[in-house]
>>> print(open('coords.cif').read())   # mmCIF, C-alpha atoms and all ligand atoms
data_structure
loop_
_atom_site.label_atom_id
_atom_site.label_comp_id
_atom_site.auth_asym_id
_atom_site.auth_seq_id
_atom_site.Cartn_x
_atom_site.Cartn_y
_atom_site.Cartn_z
CA MET A 5 0.00 0.00 0.00
CA ASN A 6 1.21 3.53 -0.79
CA ILE A 7 0.22 5.46 2.36
CA ASP A 8 0.92 8.88 0.82
CA LYS A 9 -1.58 8.11 -1.91
CA ARG A 10 -4.04 6.54 0.51
CA ILE A 11 -4.00 9.59 2.82
CA THR A 12 -4.44 11.96 -0.11
CA ASP A 13 -7.28 9.85 -1.54
CA ASP A 14 -9.07 10.03 1.82
CA LEU A 15 -8.61 13.80 2.00
CA VAL A 16 -10.08 14.20 -1.47
CA ALA A 17 -12.92 11.77 -0.77
CA ASN A 18 -13.85 13.82 2.29
CA GLY A 19 -13.92 17.06 0.35
CA VAL A 20 -10.74 18.49 1.84
CA SER A 21 -9.64 20.99 -0.78
CA PHE A 22 -7.41 23.44 1.11
CA VAL A 23 -4.22 22.10 2.65
CA THR A 24 -1.40 24.01 4.29
CA THR A 25 1.90 22.46 5.22
CA VAL A 26 5.19 23.02 6.96
CA PRO A 27 7.41 20.14 5.90
CA CYS A 28 8.93 17.30 7.87
CA LYS A 29 11.14 14.61 6.36
CA GLN A 30 8.45 12.07 7.18
CA LEU A 31 5.81 14.13 5.37
CA ALA A 32 7.70 14.70 2.13
CA GLY A 33 5.85 11.96 0.25
CA VAL A 34 2.36 13.02 1.23
CA ILE A 35 3.16 16.68 0.47
CA ASP A 36 4.38 15.62 -3.00
CA GLU A 37 1.21 13.65 -3.53
CA ILE A 38 -1.01 16.57 -2.48
CA ASP A 39 0.84 18.86 -4.86
CA GLN A 40 -0.11 16.60 -7.74
CA ARG A 41 -3.86 16.64 -7.08
CA ASP A 42 -6.05 19.18 -8.84
CA GLU A 43 -8.75 18.75 -6.20
CA ILE A 44 -6.51 20.18 -3.47
CA PHE A 45 -5.17 23.72 -3.24
CA HIS A 46 -1.85 23.47 -1.42
CA ILE A 47 -0.52 26.59 0.25
CA PRO A 48 2.73 26.19 2.16
CA SER A 49 2.87 28.37 5.28
CA ASN A 50 5.91 29.72 7.07
CA LYS A 51 4.75 28.87 10.56
CA GLU A 52 2.02 26.55 11.71
CA ASP A 53 -0.03 29.18 13.56
CA GLU A 54 -0.12 31.19 10.34
CA GLY A 55 -1.27 28.01 8.59
CA MET A 56 -4.08 27.56 11.08
CA GLY A 57 -5.19 31.13 10.39
CA LEU A 58 -5.33 30.33 6.67
CA CYS A 59 -7.34 27.20 7.43
CA ALA A 60 -9.78 29.11 9.63
CA GLY A 61 -10.40 31.61 6.85
CA ALA A 62 -10.73 28.92 4.20
CA TRP A 63 -13.28 27.07 6.29
CA MET A 64 -15.36 30.19 6.81
CA GLY A 65 -15.14 30.64 3.04
CA GLY A 66 -16.72 27.23 2.47
CA LYS A 67 -13.69 24.99 1.98
CA ARG A 68 -12.70 22.01 4.09
CA PRO A 69 -9.14 22.60 5.30
CA ALA A 70 -6.36 20.48 6.75
CA ILE A 71 -2.91 21.19 8.11
CA ILE A 72 0.09 18.91 7.75
CA MET A 73 2.89 19.59 10.20
CA GLN A 74 5.43 18.16 12.64
CA ASN A 75 4.58 17.49 16.30
CA THR A 76 7.09 20.17 17.36
CA ALA A 77 4.51 22.62 15.99
CA ILE A 78 2.20 21.83 18.87
CA GLY A 79 4.58 24.06 20.81
CA VAL A 80 3.98 26.82 18.27
CA THR A 81 0.22 26.62 17.98
CA ILE A 82 -1.28 26.22 21.49
CA ASN A 83 -2.56 29.80 21.57
CA THR A 84 -4.03 29.58 18.07
CA LEU A 85 -5.70 26.26 18.82
CA ALA A 86 -7.27 27.65 22.02
CA THR A 87 -8.26 31.17 20.97
CA LEU A 88 -9.11 30.64 17.30
CA ILE A 89 -9.83 27.06 16.29
CA GLN A 90 -11.46 25.94 19.55
CA TYR A 91 -12.91 29.26 20.71
CA TYR A 92 -14.77 29.85 17.42
CA ARG A 93 -15.43 26.11 17.11
CA MET A 94 -13.85 25.22 13.79
CA PRO A 95 -12.91 21.83 12.34
CA LEU A 96 -9.24 21.22 11.64
CA PRO A 97 -7.71 17.85 10.86
CA MET A 98 -4.03 17.99 11.79
CA LEU A 99 -1.92 15.32 10.14
CA ILE A 100 1.17 15.37 12.33
CA SER A 101 4.48 13.60 11.93
CA TYR A 102 5.29 12.29 15.40
CA ARG A 103 9.01 12.79 15.61
CA GLY A 104 10.98 11.51 18.56
CA GLU A 105 9.05 8.24 18.77
CA LEU A 106 10.18 4.66 18.03
CA ARG A 107 12.76 4.45 15.19
CA GLU A 108 13.67 8.13 15.57
CA PRO A 109 17.35 8.82 14.80
CA VAL A 110 17.51 12.45 16.05
CA ALA A 111 17.72 12.73 19.83
CA CYS A 112 16.49 16.32 20.05
CA GLN A 113 13.16 15.27 18.55
CA VAL A 114 12.43 13.23 21.67
CA GLU A 115 12.32 16.42 23.73
CA MET A 116 9.03 17.56 22.18
CA ALA A 117 7.78 14.02 21.66
CA VAL A 118 7.54 13.52 25.41
CA HIS A 119 5.26 16.57 25.69
CA THR A 120 3.16 16.00 22.61
CA LYS A 121 0.38 13.77 23.91
CA ALA A 122 0.26 15.57 27.26
CA LEU A 123 -0.24 18.91 25.54
CA LEU A 124 -2.91 17.54 23.22
CA ALA A 125 -4.67 15.92 26.18
CA GLN A 126 -4.48 19.15 28.18
CA MET A 127 -6.13 20.90 25.22
CA ASN A 128 -8.88 18.25 25.02
CA ILE A 129 -7.91 17.61 21.43
CA PRO A 130 -9.05 14.20 20.15
CA THR A 131 -5.82 12.40 19.32
CA TYR A 132 -5.08 9.32 17.22
CA HIS A 133 -1.69 7.65 16.93
CA PHE A 134 -0.80 5.74 13.75
CA HIS A 135 2.00 3.27 14.46
CA TRP A 136 1.37 0.53 11.88
CA GLN A 137 0.60 1.09 8.22
CA LYS A 138 -2.79 -0.53 8.60
CA ASP A 139 -3.72 2.21 11.09
CA VAL A 140 -4.29 4.45 8.08
CA GLU A 141 -7.59 2.63 7.61
CA GLU A 142 -8.97 4.83 10.38
CA PHE A 143 -8.08 8.09 8.61
CA ASP A 144 -11.32 8.30 6.63
CA ASN A 145 -13.41 7.98 9.79
CA ILE A 146 -11.24 10.51 11.62
CA LEU A 147 -11.84 13.06 8.89
CA LYS A 148 -15.59 12.47 9.04
CA TYR A 149 -15.46 12.80 12.84
CA THR A 150 -13.52 16.07 12.62
CA PHE A 151 -16.03 17.75 10.31
CA MET A 152 -18.90 16.34 12.35
CA CYS A 153 -17.76 17.87 15.65
CA ASN A 154 -16.02 21.08 14.45
CA LYS A 155 -12.90 20.50 16.54
CA PRO A 156 -9.21 20.33 15.88
CA VAL A 157 -8.23 16.66 15.75
CA ALA A 158 -4.67 15.34 15.87
CA ILE A 159 -3.43 12.34 13.89
CA LEU A 160 0.07 11.51 15.15
CA THR A 161 2.04 9.44 12.66
CA ASP A 162 5.33 8.02 13.91
CA ALA A 163 8.43 6.87 12.05
CA ASN A 164 7.33 3.26 12.20
CA PHE A 165 4.11 4.20 10.39
CA TRP A 166 6.08 5.90 7.63
CA GLY A 167 8.43 2.92 7.31
CA GLY A 168 11.34 4.13 9.42
CA TYR A 169 14.44 5.85 8.14
CA GLY A 170 16.09 3.06 6.21
CA ASP A 171 19.65 2.56 7.38
CA GLN A 172 19.83 5.59 9.67
CA MET B 13 -5.68 60.76 13.01
CA ILE B 14 -5.91 57.84 15.41
CA ARG B 15 -7.19 54.37 14.55
CA SER B 16 -10.77 54.97 15.70
CA GLU B 17 -11.02 58.09 13.51
CA ILE B 18 -9.74 56.11 10.54
CA LEU B 19 -12.27 53.32 11.15
CA ARG B 20 -15.06 55.87 11.36
CA GLU B 21 -14.00 57.32 8.02
CA ILE B 22 -13.71 53.99 6.18
CA ALA B 23 -16.78 52.36 7.74
CA PRO B 24 -19.03 53.28 4.77
CA ILE B 25 -16.44 51.89 2.35
CA ILE B 26 -16.03 48.52 4.04
CA ARG B 27 -19.58 48.11 5.34
CA ASP B 28 -20.80 45.80 2.57
CA HIS B 29 -17.62 43.75 2.34
CA LEU B 30 -16.17 40.85 4.25
CA VAL B 31 -13.85 42.25 6.90
CA VAL B 32 -11.52 40.38 9.25
CA CYS B 33 -10.56 42.72 12.06
CA ASN B 34 -7.51 42.67 14.31
CA ILE B 35 -7.62 41.71 17.99
CA GLY B 36 -8.22 44.23 20.75
CA LEU B 37 -9.20 47.85 20.29
CA PRO B 38 -9.48 47.70 16.47
CA SER B 39 -12.25 45.10 16.71
CA GLN B 40 -13.90 46.86 19.64
CA GLU B 41 -13.90 50.14 17.75
CA LEU B 42 -15.25 48.66 14.53
CA HIS B 43 -17.91 46.83 16.52
CA MET B 44 -18.97 50.07 18.19
CA ILE B 45 -18.79 52.25 15.06
CA ASP B 46 -20.57 49.95 12.61
CA ASP B 47 -21.31 46.39 13.67
CA GLN B 48 -22.07 44.26 10.61
CA PRO B 49 -22.57 40.52 10.08
CA THR B 50 -19.84 40.84 7.45
CA ASN B 51 -17.35 41.67 10.21
CA PHE B 52 -15.28 38.89 11.75
CA TYR B 53 -13.98 40.16 15.07
CA MET B 54 -10.85 38.58 16.43
CA LEU B 55 -11.07 38.17 20.19
CA GLY B 56 -7.60 36.68 20.53
CA THR B 57 -4.80 35.20 18.42
CA MET B 58 -2.70 38.30 17.82
CA GLY B 59 -1.11 38.22 14.38
CA LEU B 60 -3.53 36.14 12.35
CA SER B 61 -5.91 38.73 10.90
CA SER B 62 -4.02 38.73 7.60
CA SER B 63 -3.87 34.92 7.49
CA ILE B 64 -7.56 34.40 8.27
CA GLY B 65 -8.60 37.03 5.73
CA PHE B 66 -6.27 35.60 3.12
CA GLY B 67 -7.56 32.05 3.59
CA LEU B 68 -11.07 33.40 3.21
CA ALA B 69 -10.15 35.29 0.04
CA LEU B 70 -8.61 32.18 -1.48
CA ALA B 71 -11.65 30.06 -0.64
CA GLN B 72 -14.31 32.22 -2.28
CA ASP B 73 -14.72 35.10 -4.73
CA LYS B 74 -16.08 38.02 -2.71
CA PRO B 75 -13.70 40.85 -1.80
CA VAL B 76 -12.07 40.45 1.60
CA ILE B 77 -10.37 43.15 3.66
CA SER B 78 -8.11 42.25 6.56
CA ILE B 79 -7.69 45.11 8.97
CA ASP B 80 -4.41 44.49 10.72
CA GLY B 81 -1.99 46.39 12.94
CA ASP B 82 1.73 47.03 12.69
CA GLY B 83 2.44 45.09 15.88
CA SER B 84 0.37 42.14 14.74
CA VAL B 85 2.02 42.01 11.32
CA LEU B 86 5.42 42.13 13.02
CA THR B 87 4.47 39.12 15.16
CA ASN B 88 3.41 37.15 12.05
CA LEU B 89 5.84 38.50 9.46
CA GLY B 90 5.78 35.11 7.72
CA THR B 91 2.35 36.05 6.42
CA LEU B 92 3.71 38.49 3.84
CA PRO B 93 5.68 35.96 1.73
CA THR B 94 2.67 33.62 1.79
CA ILE B 95 0.35 36.37 0.62
CA ALA B 96 2.83 37.60 -2.00
CA ASN B 97 3.37 34.19 -3.52
CA ASN B 98 -0.30 33.21 -3.67
CA ALA B 99 -1.77 36.58 -4.60
CA THR B 100 -5.51 36.75 -5.17
CA GLY B 101 -7.18 39.85 -6.57
CA ASN B 102 -10.10 39.85 -4.16
CA TYR B 103 -7.84 40.43 -1.16
CA THR B 104 -6.86 43.72 0.45
CA LEU B 105 -4.60 43.90 3.48
CA LEU B 106 -4.98 47.18 5.35
CA ILE B 107 -2.28 47.62 7.97
CA ILE B 108 -3.10 50.44 10.35
CA ASP B 109 0.41 51.47 11.27
CA ASN B 110 0.27 53.65 14.35
CA GLY B 111 3.82 52.66 15.28
CA SER B 112 2.65 51.11 18.51
CA TYR B 113 1.01 48.24 20.29
CA GLY B 114 -2.06 50.37 20.73
CA SER B 115 -4.33 47.94 22.50
CA THR B 116 -1.85 47.34 25.28
CA GLY B 117 -1.07 50.97 25.99
CA ASP B 118 0.83 52.38 23.01
CA GLN B 119 4.18 50.73 23.58
CA PRO B 120 6.29 51.56 20.51
CA THR B 121 6.80 48.92 17.80
CA TYR B 122 9.80 48.69 15.51
CA ALA B 123 7.51 49.77 12.66
CA GLY B 124 7.45 53.20 14.26
CA LYS B 125 11.24 53.21 14.38
CA LYS B 126 13.65 51.97 11.70
CA THR B 127 11.51 49.23 10.19
CA SER B 128 9.35 50.03 7.17
CA LEU B 129 6.50 47.54 6.71
CA THR B 130 6.08 48.96 3.21
CA ALA B 131 9.63 47.97 2.32
CA VAL B 132 9.21 44.63 4.08
CA ALA B 133 6.03 43.85 2.12
CA ARG B 134 7.77 44.73 -1.16
CA ALA B 135 10.81 42.67 -0.25
CA CYS B 136 8.51 39.75 0.48
CA GLY B 137 7.26 39.93 -3.09
CA CYS B 138 4.00 41.84 -2.69
CA GLU B 139 3.56 43.70 -5.97
CA ASN B 140 0.98 46.30 -5.11
CA VAL B 141 2.05 48.00 -1.91
CA VAL B 142 0.76 51.48 -1.11
CA GLU B 143 1.87 53.58 1.83
CA VAL B 144 -0.62 56.26 2.62
CA GLN B 145 -1.15 58.91 5.27
CA ASP B 146 -4.30 58.51 7.40
CA ARG B 147 -6.34 61.36 5.84
CA ASP B 148 -5.74 60.01 2.32
CA LEU B 149 -6.80 56.43 3.03
CA GLY B 150 -10.43 56.47 1.83
CA PRO B 151 -9.94 56.69 -1.96
CA VAL B 152 -6.90 54.38 -1.85
CA LEU B 153 -8.88 51.72 -0.01
CA GLN B 154 -11.86 52.07 -2.34
CA GLU B 155 -9.60 51.64 -5.35
CA ALA B 156 -7.93 48.60 -3.80
CA ILE B 157 -11.29 46.93 -3.21
CA ASP B 158 -12.51 47.76 -6.70
CA SER B 159 -9.38 46.64 -8.51
CA ASP B 160 -8.66 43.09 -9.61
CA GLU B 161 -5.22 43.25 -8.10
CA MET B 162 -4.34 42.34 -4.54
CA THR B 163 -3.25 45.41 -2.61
CA ILE B 164 -1.33 45.88 0.62
CA ILE B 165 -2.00 49.27 2.20
CA ILE B 166 0.16 50.60 4.99
CA CYS B 167 -1.74 53.47 6.56
CA LYS B 168 0.50 55.66 8.71
CA CYS B 169 -1.31 57.31 11.58
CA ASP B 170 -0.99 58.53 15.15
CA SER B 171 -1.19 56.21 18.10
CA GLY B 172 -3.95 56.82 20.56
CA ASN B 173 -7.04 55.10 21.85
CA ILE B 174 -10.56 55.88 22.95
CA LYS B 175 -12.32 54.29 25.90
CA LEU B 176 -14.82 51.65 24.90
CA PRO B 177 -16.27 48.35 26.06
CA VAL B 178 -15.07 44.88 25.17
CA ILE B 179 -17.02 42.73 22.73
CA THR B 180 -19.29 40.37 24.66
CA MET B 181 -20.74 38.57 21.64
CA ASP B 182 -20.03 34.86 21.78
CA PRO B 183 -17.28 33.80 19.34
CA VAL B 184 -19.43 31.08 17.81
CA VAL B 185 -22.17 33.67 17.20
CA ILE B 186 -19.67 36.02 15.54
CA ARG B 187 -18.40 33.18 13.39
CA ASP B 188 -21.82 31.78 12.48
CA ARG B 189 -23.20 35.19 11.59
CA PHE B 190 -20.10 35.85 9.51
CA MET B 191 -20.32 32.54 7.65
CA LYS B 192 -23.94 33.23 6.76
CA ALA B 193 -22.87 36.62 5.40
CA VAL B 194 -20.13 34.94 3.38
CA GLN B 195 -22.69 32.60 1.84
CA ALA B 196 -25.37 35.26 1.28
C1 LIG A 201 0.58 36.31 21.84
C2 LIG A 201 0.08 37.61 22.33
N1 LIG A 201 0.95 38.50 22.84
C3 LIG A 201 0.48 39.70 23.27
C4 LIG A 201 -0.84 40.00 23.22
C5 LIG A 201 -1.35 41.32 23.74
N2 LIG A 201 -1.77 42.20 22.66
C6 LIG A 201 -3.06 42.30 22.28
S1 LIG A 201 -3.32 43.41 21.08
C7 LIG A 201 -1.70 43.83 21.09
C8 LIG A 201 -1.20 44.98 20.25
C9 LIG A 201 -1.40 44.83 18.81
O1 LIG A 201 -0.80 45.93 18.18
P1 LIG A 201 -1.18 46.30 16.70
O2 LIG A 201 -1.35 45.10 15.90
O3 LIG A 201 -0.20 47.30 16.21
O4 LIG A 201 -2.63 46.95 16.84
P2 LIG A 201 -3.07 48.36 17.45
O5 LIG A 201 -3.75 48.05 18.74
O6 LIG A 201 -1.86 49.22 17.60
O7 LIG A 201 -4.01 48.90 16.43
C10 LIG A 201 -0.96 43.07 21.99
C11 LIG A 201 0.49 43.19 22.22
C12 LIG A 201 -1.70 39.03 22.70
N3 LIG A 201 -3.02 39.22 22.60
N4 LIG A 201 -1.22 37.86 22.27
MG MG A 202 -0.28 49.34 16.16
#
>>> encode(input="coords.cif", output="structure tokens", more="lines below")
Ligand SMILES: Cc1ncc(C[n+]2csc(CCOP(=O)(O)OP(=O)(O)O)c2C)c(N)n1
Ligand SMILES: [Mg+2]
Amino acid sequence: MNIDKRITDDLVANGVSFVTTVPCKQLAGVIDEIDQRDEIFHIPSNKEDEGMGLCAGAWMGGKRPAIIMQNTAIGVTINTLATLIQYYRMPLPMLISYRGELREPVACQVEMAVHTKALLAQMNIPTYHFHWQKDVEEFDNILKYTFMCNKPVAILTDANFWGGYGDQ
Amino acid sequence: MIRSEILREIAPIIRDHLVVCNIGLPSQELHMIDDQPTNFYMLGTMGLSSSIGFGLALAQDKPVISIDGDGSVLTNLGTLPTIANNATGNYTLLIIDNGSYGSTGDQPTYAGKKTSLTAVARACGCENVVEVQDRDLGPVLQEAIDSDEMTIIICKCDSGNIKLPVITMDPVVIRDRFMKAVQA
């Protein structure tokens, strides 16, 4: 199974047509895939809180948005999640590379990894963790759930899910 | 002129358009001067007025005006390259540059010192950047809304605030009312 293609297919099938990204090595494939789809407008942002602002506007304009980012960005976006996305009650699927988890080669990434789920839990953000490739089967339902409840929802995807880092 | 005087002057120009308004006193003033369902008031999230307005402009065809502040643009400077590189003609960014963090008591910003937001916007790739003095804003803003080109306006003005109440409208009500106006 090509998970980049599968994720993008699910986004398209759920009417997600506005995607903003800040890259992560793990997300390179899915970002490439999104770039190739006519159904999705991809607008890279410079910081993830900026991206969430774009998504908020796009949603109010009638588009279904999504943000693709690294888990370190949770540290960047707490205020935006609380005072914009949650306060005004807006849906936002967040496809998040979960760096610093099993099969991570870069030690510094663990420093935010240990806070990631605690921060999301503190924010009452529904959180899913994809560890095995087959976990992607839940993505379609997670997207439906997100646009049903108008909340930010986190999908953490670790290195094992993306197939590790080869020989690293 | 101070920000509230500017808002009073441009209220008839922006009244029928979708407006995303900056956190703090700018939103409180606009709410008091001319509350409209087409106004999206930011109650928090300093810095994102330009991003929210730009996302909205990209998602639909109606004209959108983001009213922003110099301090807020400085805190989200990354917005300008994004806007420049994805320009859409229905978007106008109006930066009310009073050279201060007005809402928190007029502490000076760097925009009131050596930093020119006009030059920054141009350097970021924005093609239609107009710096204007407060009293000359009206016609410039009208032209920006009417034109098919995206415009960034930096309106230089005095810092200073009036006393007024906070917005007590529920955020979900603001947002729902706004979304209905977007769809209307
Ligand atoms: C993250 C964050 N830091 C600080 C504040 C406090 N704050 C609210 S409005 C504001 C000033 C904004 O200045 P500017 O954008 O220039 O608008 P002005 O009030 O001058 O029109 C500040 C610092 C905040 N709301 N959020
Ligand atoms: Mg200011």
>>> closest_residue(input="coords.cif", among="A:Leu58, A:Ile146, A:Ile7, A:Leu15", to="chain B", atoms="all atoms listed in the file")
A:Leu58
>>> residues_near_ligand(input="coords.cif", ligand="ligand MG 202 (chain A)", cutoff="9 Å", atoms="all atoms listed in the file", output="VMD selection string")
chain B and resid 15 80 to 84 107 to 115 118 to 121 123 to 124 171
>>> closest_residue(input="coords.cif", among="B:Thr57, B:Ser16, B:Asn102, B:Asn51", to="chain A", atoms="only C-alpha atoms")
B:Thr57
>>> closest_residue(input="coords.cif", among="A:Met94, A:Leu31, A:Ala77, A:Ile72", to="chain B", atoms="all atoms listed in the file")
A:Met94
>>> axis_aligned_box(input="coords.cif", around="ligand LIG 201 (chain A)", padding_each_side="6 Å", output="lines of an AutoDock Vina configuration file")
center_x = -1.5
center_y = 42.8
center_z = 19.8
size_x = 17.0
size_y = 24.9
size_z = 19.8
>>> closest_atom_pairs(input="coords.cif", of="chain A", to="ligand LIG 201 (chain A)", cutoff="10 Å", atoms="all atoms listed in the file", output="Markdown table")
| residue | atom | partner | partner_atom | distance |
| --- | --- | --- | --- | --- |
| A:Asn83 | CA | A:LIG201 | C1 | 7.2 |
| A:Thr84 | CA | A:LIG201 | C1 | 9.0 |
| A:Thr87 | CA | A:LIG201 | N3 | 9.7 |
>>> write_last_selection(input="coords.cif", atoms="C-alpha atoms", output="tab-separated table (two decimals), in the frame of the given file")
chain	number	residue	atom	x	y	z
A	83	ASN	CA	-2.56	29.80	21.57
A	84	THR	CA	-4.03	29.58	18.07
A	87	THR	CA	-8.26	31.17	20.97
>>> residues_around(input="coords.cif", residues="Ile100 of chain A", least_positions_apart="6", cutoff="10 Å", atoms="all atoms listed in the file", output="tab-separated table (two decimals) with C-alpha atoms, in the frame of the given file")
chain	number	residue	atom	x	y	z
A	28	CYS	CA	8.93	17.30	7.87
A	30	GLN	CA	8.45	12.07	7.18
A	31	LEU	CA	5.81	14.13	5.37
A	71	ILE	CA	-2.91	21.19	8.11
A	72	ILE	CA	0.09	18.91	7.75
A	73	MET	CA	2.89	19.59	10.20
A	74	GLN	CA	5.43	18.16	12.64
A	75	ASN	CA	4.58	17.49	16.30
A	76	THR	CA	7.09	20.17	17.36
A	77	ALA	CA	4.51	22.62	15.99
A	78	ILE	CA	2.20	21.83	18.87
A	132	TYR	CA	-5.08	9.32	17.22
A	133	HIS	CA	-1.69	7.65	16.93
A	134	PHE	CA	-0.80	5.74	13.75
A	158	ALA	CA	-4.67	15.34	15.87
A	159	ILE	CA	-3.43	12.34	13.89
A	160	LEU	CA	0.07	11.51	15.15
A	161	THR	CA	2.04	9.44	12.66
A	162	ASP	CA	5.33	8.02	13.91
>>> atom_distance(input="coords.cif", atom1="atom CA of Glu155 of chain B", atom2="atom CA of Ile18 of chain B")
16.5 Å
>>> closest_atom_pairs(input="coords.cif", of="chain B", to="chain A", cutoff="8 Å", atoms="only C-alpha atoms", output="CSV")
residue,atom,partner,partner_atom,distance
B:Leu55,CA,A:Thr87,CA,7.6
B:Gly56,CA,A:Thr87,CA,5.6
B:Thr57,CA,A:Thr84,CA,5.7
B:Leu60,CA,A:Gly57,CA,5.6
B:Ser61,CA,A:Gly57,CA,7.7
B:Ser63,CA,A:Leu58,CA,4.9
B:Ile64,CA,A:Gly61,CA,4.2
B:Gly65,CA,A:Gly61,CA,5.8
B:Phe66,CA,A:Leu58,CA,6.4
B:Gly67,CA,A:Leu58,CA,4.2
B:Leu68,CA,A:Gly61,CA,4.1
B:Ala69,CA,A:Gly65,CA,7.5
B:Leu70,CA,A:Ala62,CA,6.9
B:Ala71,CA,A:Ala62,CA,5.1
B:Gln72,CA,A:Gly65,CA,5.6
B:Asn88,CA,A:Glu54,CA,7.1
B:Gly90,CA,A:Asn50,CA,5.4
B:Thr91,CA,A:Glu54,CA,6.7
B:Thr94,CA,A:Ser49,CA,6.3
B:Asn98,CA,A:Ile47,CA,7.7
B:Pro183,CA,A:Tyr92,CA,5.1
B:Val184,CA,A:Tyr92,CA,4.8
B:Arg187,CA,A:Tyr92,CA,6.4
B:Phe190,CA,A:Met64,CA,7.9
B:Met191,CA,A:Met64,CA,5.6
B:Val194,CA,A:Gly65,CA,6.6
B:Gln195,CA,A:Gly65,CA,7.9
>>> atom_distance(input="coords.cif", atom1="atom CA of Ala17 of chain A", atom2="atom CA of Glu37 of chain A")
14.5 Å
>>> residues_near_point(input="coords.cif", point="(-10.2, 44.2, 9.5)", cutoff="8 Å", atoms="only C-alpha atoms", output="PDB file with C-alpha atoms, keeping the file's coordinate frame")
ATOM      1  CA  VAL B  31     -13.850  42.250   6.900  1.00  0.00           C
ATOM      2  CA  VAL B  32     -11.520  40.380   9.250  1.00  0.00           C
ATOM      3  CA  CYS B  33     -10.560  42.720  12.060  1.00  0.00           C
ATOM      4  CA  ASN B  34      -7.510  42.670  14.310  1.00  0.00           C
ATOM      5  CA  PRO B  38      -9.480  47.700  16.470  1.00  0.00           C
ATOM      6  CA  SER B  39     -12.250  45.100  16.710  1.00  0.00           C
ATOM      7  CA  ASN B  51     -17.350  41.670  10.210  1.00  0.00           C
ATOM      8  CA  PHE B  52     -15.280  38.890  11.750  1.00  0.00           C
ATOM      9  CA  TYR B  53     -13.980  40.160  15.070  1.00  0.00           C
ATOM     10  CA  SER B  61      -5.910  38.730  10.900  1.00  0.00           C
ATOM     11  CA  ILE B  77     -10.370  43.150   3.660  1.00  0.00           C
ATOM     12  CA  SER B  78      -8.110  42.250   6.560  1.00  0.00           C
ATOM     13  CA  ILE B  79      -7.690  45.110   8.970  1.00  0.00           C
ATOM     14  CA  ASP B  80      -4.410  44.490  10.720  1.00  0.00           C
ATOM     15  CA  LEU B 106      -4.980  47.180   5.350  1.00  0.00           C
TER      16      LEU B 106
END
>>> residues_around(input="coords.cif", residues="segment 137-139 of chain B", least_positions_apart="4", cutoff="8 Å", atoms="all atoms listed in the file", output="number ranges by chain")
B: 92-93, 95-97, 133, 163-164
>>> atom_distance(input="coords.cif", atom1="atom CA of Ala193 of chain B", atom2="atom CA of Pro49 of chain B")
6.1 Å
>>> decode(input="coords.cif", residues="segment 34-46 of chain B", atoms="N, CA and C atoms", output="PDB file, in the first residue's frame")
ATOM      1  N   ASN B  34      -8.570  42.962  13.341  1.00  0.00           N
ATOM      2  CA  ASN B  34      -7.512  42.670  14.312  1.00  0.00           C
ATOM      3  C   ASN B  34      -8.015  42.661  15.770  1.00  0.00           C
ATOM      4  N   ILE B  35      -7.351  41.873  16.562  1.00  0.00           N
ATOM      5  CA  ILE B  35      -7.617  41.709  17.995  1.00  0.00           C
ATOM      6  C   ILE B  35      -7.547  43.047  18.754  1.00  0.00           C
ATOM      7  N   GLY B  36      -8.347  43.130  19.787  1.00  0.00           N
ATOM      8  CA  GLY B  36      -8.224  44.234  20.745  1.00  0.00           C
ATOM      9  C   GLY B  36      -9.045  45.443  20.348  1.00  0.00           C
ATOM     10  N   LEU B  37      -8.458  46.616  20.542  1.00  0.00           N
ATOM     11  CA  LEU B  37      -9.205  47.845  20.289  1.00  0.00           C
ATOM     12  C   LEU B  37      -9.703  47.981  18.848  1.00  0.00           C
ATOM     13  N   PRO B  38      -8.937  47.568  17.829  1.00  0.00           N
ATOM     14  CA  PRO B  38      -9.479  47.701  16.468  1.00  0.00           C
ATOM     15  C   PRO B  38     -10.847  47.024  16.319  1.00  0.00           C
ATOM     16  N   SER B  39     -10.966  45.796  16.807  1.00  0.00           N
ATOM     17  CA  SER B  39     -12.255  45.101  16.709  1.00  0.00           C
ATOM     18  C   SER B  39     -13.316  45.782  17.569  1.00  0.00           C
ATOM     19  N   GLN B  40     -12.921  46.189  18.760  1.00  0.00           N
ATOM     20  CA  GLN B  40     -13.905  46.857  19.642  1.00  0.00           C
ATOM     21  C   GLN B  40     -14.408  48.150  19.002  1.00  0.00           C
ATOM     22  N   GLU B  41     -13.502  48.878  18.380  1.00  0.00           N
ATOM     23  CA  GLU B  41     -13.898  50.140  17.747  1.00  0.00           C
ATOM     24  C   GLU B  41     -14.801  49.893  16.548  1.00  0.00           C
ATOM     25  N   LEU B  42     -14.418  48.944  15.706  1.00  0.00           N
ATOM     26  CA  LEU B  42     -15.247  48.661  14.528  1.00  0.00           C
ATOM     27  C   LEU B  42     -16.631  48.168  14.961  1.00  0.00           C
ATOM     28  N   HIS B  43     -16.643  47.345  15.987  1.00  0.00           N
ATOM     29  CA  HIS B  43     -17.907  46.833  16.521  1.00  0.00           C
ATOM     30  C   HIS B  43     -18.799  47.972  17.006  1.00  0.00           C
ATOM     31  N   MET B  44     -18.208  48.944  17.670  1.00  0.00           N
ATOM     32  CA  MET B  44     -18.975  50.073  18.193  1.00  0.00           C
ATOM     33  C   MET B  44     -19.416  51.021  17.063  1.00  0.00           C
ATOM     34  N   ILE B  45     -18.525  51.265  16.111  1.00  0.00           N
ATOM     35  CA  ILE B  45     -18.793  52.245  15.062  1.00  0.00           C
ATOM     36  C   ILE B  45     -19.831  51.729  14.069  1.00  0.00           C
ATOM     37  N   ASP B  46     -19.671  50.466  13.647  1.00  0.00           N
ATOM     38  CA  ASP B  46     -20.565  49.954  12.607  1.00  0.00           C
ATOM     39  C   ASP B  46     -20.568  48.424  12.611  1.00  0.00           C
TER      40      ASP B  46
END
